[in-house]
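**Student:** Before anything else, here's the structure in question.
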Amino acid sequence: MFARGRPVRARPRSHGGSLELSDRTGTLLTMEQKQDLYTQRLEKLARIREAGEEPFKYSYPRTHTVEQAYKEYARADGADTSVKLAGRLFALRYHGKSVFGDLCDDSGKIQLFFGLNELGGERFEFLSKLVNIGDFLGVTGNMFTTRTNQVTVKVHDFSLLTKSLRPLPEKWHGLKDVEIRLRQRYLDLLSNESVREIFRKRSHVIRSIREFLDARGYIEVETPMLQPIPGGATARPFVTHHNALDRDLYLRIAPELYLKRLLVGGFEKVYEINRNFRNEGLSQRHNPEFTMLELYHAYVDYESIMELVEQMVNHMVVELTGGHRLVYQGSEINLEPPWPRVAFFDAVREFAGVDIEAVHGADRAHEAVSHLKLELDESAGYGKICDELLKTYVVPKLIAPTFIVDHPAELSPLAKRKRGNQRLTERFQPYIGGLEMGNAFSELNDPQEQRARFEEQMKLRERGDEEAQTLDEDYVTALEYGMPPAAGLGIGVDRLVMLLTDSASIKDVILFPQLRTLADAGTGE
RNA sequence: GGGUGGGUAGCUCAGGUGGUAGAGCAUCGGCCUUUUAAGCCGGUGGUCGAGGGUUCGAGUCCCUCCCCACUCACCA
């Protein structure tokens, strides 16, 4: 379907150089089709210019959006309502000496009526011969109701605002080809209203996170995306290079260590909503760049953050649905606080049937799970085995919102140990709809212990674990100046949006998700 | 990387056991001044993902490769 690997630019063409430029953007049409539909439009373009009309206008003084026009017409209650609207034509229905059209703007769709009597012969001919579905139009007219009771604009005059040179996807079935939907998201957006709705909701969700936190006295900050030492999470980073400094830098895997430096600096409630980058595989739940909310609050522990999370998520659901419930992938979910707290080891015991808490050391842990169908690397440590048990047996069951709390210390090098149980940390993860929504803990602020935990990670790294964390001296120094007791939280915003829009894949909630590049997808030449 | 399904017109899709590639929409021409997936008549448009093989003959069967989705592995 793609004209990959073809010597596109070298192919001789009858219509001159202007066509060749467009090929570099990667056409989805075969050359033959393009010659046809595309050059038809180019010919119209030339005829429009010959007729003295500019096919790419600069502005249009519209008086109403489509939505406003409907409202004003309803308010006018039969009185004359004249409007100037602008939008894209999505349909044209010809009837000899009249034409019906559908005009869409960001607010909705409205029917247009073009009559020969109102427009005059010249403009009517222009419309019939030179305007296509897909073109942007500005129209002046007054509103009326057809005999089939359809509110319509009777057009007295129109202006071609932008000539469209390529045909739109089919109107009835919409655009379904997943690859085109993702690679040419603009086509997906303009032909699938439900997709536009998802991204409106995404915008709404992020706005209400800000409102929620701002109202509670948090300040929003921005910390480096380019970091000399990638810290704050267990993940492989992307590497880049700064020429003037002649050094490698890493795209951040988390803002955590910088945000906690701000606690040292005296801020007490901070948050950041921004992109993280992790050099990992793609899946329904993973995109290499994803949006993370992180926040830190001084003088509280993880219990307070748990309350914040259930309040915040419930707040979003109320904003979007008006209630506490939503449906995610066929399951009804009630987000009303409080959500159950289940200890990590209890959850594993209940769902995997393994009392991993009673087991000590990696070797014993391997024995304890040998009867289960876990595909574990021999080098997996105790923490890794625990994590695998949770992911495999517990997480898929956590449809109703649940906090898994008090993770084994091996899994959490930046978290404080639990009071009364040194094997655990004061950490929690919210799960909803089987999705891991985030991670939070009482923050480790003892610089000596932090250094020791980093050193354990460095040992893992030396043994070949590329995800193990790196010792950040500057961060430890900051802790030595004193960081107040605090708790912090990370929430995967994309996954939250998946939940709130009933989306099965993270690609559905990211406008331009990472895809294999077409250059790499060639025939391997 | 493994498994499953898929790739046919600009878009959405049909094409039993091999026999000259189809429909709807879009597009172009004709008719039609209240239609709304408008209708009617006619036309343009295809390297059937790519290459090789079997065959008198391949969209269809065989082989290799490319791409997409799902899934497993990897992975907060």
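Ordering of the structure tokens sets the chain letters (A, B, ...); residue numbers start at 1 within each chain; ligands are numbered from 1 in the order shown.
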Tell me, as a list in words, which residues lie within 12 Å of G3 in chain B, counting only C-alpha atoms (C1' of nucleotides); anything in the same chain fewer than 3 positions away does not count.
**Tutor:** C70, U71, C72 and A73 of chain B
**Student:** Quick check for you: according to DSSP on this backbone, which residues of range 320-406 of chain A are classed as helix (DSSP H, G or I)? Reply as a PyMOL selection string.
**Tutor:** chain A and resi 320-321+344-352+356-358+362-368+382-397
**Student:** Which residues of chain A come within 6 Å of chain B, and what is each one's closest atom pair and distance in Å (one decimal), counting only C-alpha atoms (C1' of nucleotides), sorted by chain and residue number, as a Markdown table?
**Tutor:**
| residue | atom | partner | partner_atom | distance |
| --- | --- | --- | --- | --- |
| A:His95 | CA | B:C32 | C1' | 5.4 |
| A:Gly96 | CA | B:C32 | C1' | 4.9 |
| A:Lys97 | CA | B:U33 | C1' | 5.0 |
| A:Ser98 | CA | B:U33 | C1' | 4.8 |
| A:Thr146 | CA | B:U34 | C1' | 5.7 |
| A:Pro169 | CA | B:C11 | C1' | 4.5 |
| A:Glu170 | CA | B:C11 | C1' | 4.4 |
| A:His173 | CA | B:U12 | C1' | 5.8 |
| A:Glu280 | CA | B:C75 | C1' | 5.8 |
| A:Thr523 | CA | B:C66 | C1' | 5.8 |
**Student:** Got a sec to tell me which of range 404-467 of chain A DSSP assigns to strand (DSSP E or B), as a VMD selection string?
**Tutor:** chain A and resid 404 to 405 408 415 417 to 418 421 to 425 427 to 432 435 to 436 438 to 443
**Student:** Mind giving me the straight-line distance from CA of Gly265 in chain A to CA of Glu480 in chain A in Å, one decimal?
**Tutor:**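 CA of Glu480 in chain A lies 12.2 Å from CA of Gly265 in chain A.
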**Student:** Range 207-219 of chain A: which residues within 9 Å, counting only C-alpha atoms (C1' of nucleotides), same-chain residues fewer than 2 positions away excluded, as a PDB file with N, CA and C atoms, in the first residue's frame?
**Tutor:**
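Once everything was written out, this is selection_23.pdb:
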ATOM      1  N   ARG A 202      -8.647  14.404  27.399  1.00  0.00           N
ATOM      2  CA  ARG A 202      -7.281  14.403  27.906  1.00  0.00           C
ATOM      3  C   ARG A 202      -6.898  15.815  28.383  1.00  0.00           C
ATOM      4  N   SER A 203      -7.222  16.791  27.556  1.00  0.00           N
ATOM      5  CA  SER A 203      -6.932  18.168  27.922  1.00  0.00           C
ATOM      6  C   SER A 203      -7.654  18.543  29.215  1.00  0.00           C
ATOM      7  N   HIS A 204      -8.891  18.120  29.318  1.00  0.00           N
ATOM      8  CA  HIS A 204      -9.702  18.400  30.502  1.00  0.00           C
ATOM      9  C   HIS A 204      -9.080  17.761  31.757  1.00  0.00           C
ATOM     10  N   VAL A 205      -8.630  16.520  31.608  1.00  0.00           N
ATOM     11  CA  VAL A 205      -8.048  15.808  32.744  1.00  0.00           C
ATOM     12  C   VAL A 205      -6.806  16.546  33.251  1.00  0.00           C
ATOM     13  N   VAL A 221       6.342  23.279  38.901  1.00  0.00           N
ATOM     14  CA  VAL A 221       7.729  23.599  38.555  1.00  0.00           C
ATOM     15  C   VAL A 221       8.149  22.790  37.327  1.00  0.00           C
ATOM     16  N   PHE A 267      10.872  24.616  49.221  1.00  0.00           N
ATOM     17  CA  PHE A 267       9.489  24.445  48.769  1.00  0.00           C
ATOM     18  C   PHE A 267       8.876  23.264  49.511  1.00  0.00           C
ATOM     19  N   GLU A 268       7.599  23.386  49.834  1.00  0.00           N
ATOM     20  CA  GLU A 268       6.970  22.313  50.613  1.00  0.00           C
ATOM     21  C   GLU A 268       5.982  21.474  49.814  1.00  0.00           C
ATOM     22  N   LYS A 269       5.429  22.064  48.762  1.00  0.00           N
ATOM     23  CA  LYS A 269       4.479  21.319  47.924  1.00  0.00           C
ATOM     24  C   LYS A 269       4.771  21.664  46.470  1.00  0.00           C
ATOM     25  N   VAL A 270       5.340  20.717  45.756  1.00  0.00           N
ATOM     26  CA  VAL A 270       5.657  20.978  44.353  1.00  0.00           C
ATOM     27  C   VAL A 270       5.085  19.857  43.486  1.00  0.00           C
ATOM     28  N   TYR A 271       4.797  20.213  42.223  1.00  0.00           N
ATOM     29  CA  TYR A 271       4.452  19.156  41.265  1.00  0.00           C
ATOM     30  C   TYR A 271       4.947  19.538  39.886  1.00  0.00           C
ATOM     31  N   GLU A 272       5.065  18.515  39.054  1.00  0.00           N
ATOM     32  CA  GLU A 272       5.461  18.718  37.671  1.00  0.00           C
ATOM     33  C   GLU A 272       4.658  17.755  36.805  1.00  0.00           C
ATOM     34  N   ILE A 273       4.145  18.284  35.691  1.00  0.00           N
ATOM     35  CA  ILE A 273       3.486  17.418  34.703  1.00  0.00           C
ATOM     36  C   ILE A 273       4.308  17.539  33.436  1.00  0.00           C
ATOM     37  N   LEU A 293       2.772  12.776  36.080  1.00  0.00           N
ATOM     38  CA  LEU A 293       2.601  13.762  37.148  1.00  0.00           C
ATOM     39  C   LEU A 293       3.453  13.296  38.323  1.00  0.00           C
ATOM     40  N   LEU A 295       4.549  14.604  42.288  1.00  0.00           N
ATOM     41  CA  LEU A 295       4.379  15.656  43.288  1.00  0.00           C
ATOM     42  C   LEU A 295       5.046  15.239  44.595  1.00  0.00           C
ATOM     43  N   TYR A 296       5.450  16.236  45.366  1.00  0.00           N
ATOM     44  CA  TYR A 296       6.100  16.005  46.662  1.00  0.00           C
ATOM     45  C   TYR A 296       5.507  16.952  47.680  1.00  0.00           C
ATOM     46  N   HIS A 297       5.334  16.429  48.886  1.00  0.00           N
ATOM     47  CA  HIS A 297       4.691  17.198  49.943  1.00  0.00           C
ATOM     48  C   HIS A 297       5.491  16.992  51.230  1.00  0.00           C
ATOM     49  N   MET A 312      -8.198  12.814  44.291  1.00  0.00           N
ATOM     50  CA  MET A 312      -7.921  13.438  43.000  1.00  0.00           C
ATOM     51  C   MET A 312      -8.559  12.646  41.861  1.00  0.00           C
ATOM     52  N   VAL A 313      -8.373  11.324  41.883  1.00  0.00           N
ATOM     53  CA  VAL A 313      -8.925  10.513  40.795  1.00  0.00           C
ATOM     54  C   VAL A 313     -10.452  10.560  40.822  1.00  0.00           C
ATOM     55  N   HIS A 315     -12.196  12.975  41.897  1.00  0.00           N
ATOM     56  CA  HIS A 315     -12.524  14.319  41.417  1.00  0.00           C
ATOM     57  C   HIS A 315     -12.617  14.353  39.882  1.00  0.00           C
ATOM     58  N   MET A 316     -11.645  13.696  39.224  1.00  0.00           N
ATOM     59  CA  MET A 316     -11.654  13.661  37.750  1.00  0.00           C
ATOM     60  C   MET A 316     -12.909  12.974  37.245  1.00  0.00           C
ATOM     61  N   GLU A 319     -15.835  15.144  37.576  1.00  0.00           N
ATOM     62  CA  GLU A 319     -15.803  16.206  36.561  1.00  0.00           C
ATOM     63  C   GLU A 319     -16.240  15.697  35.194  1.00  0.00           C
TER      64      GLU A 319
END
**Student:** I'd like the interatomic distance between CA of Tyr186 in chain A and CA of Phe199 in chain A, to a tenth of an Å.
**Tutor:** 12.2 Å
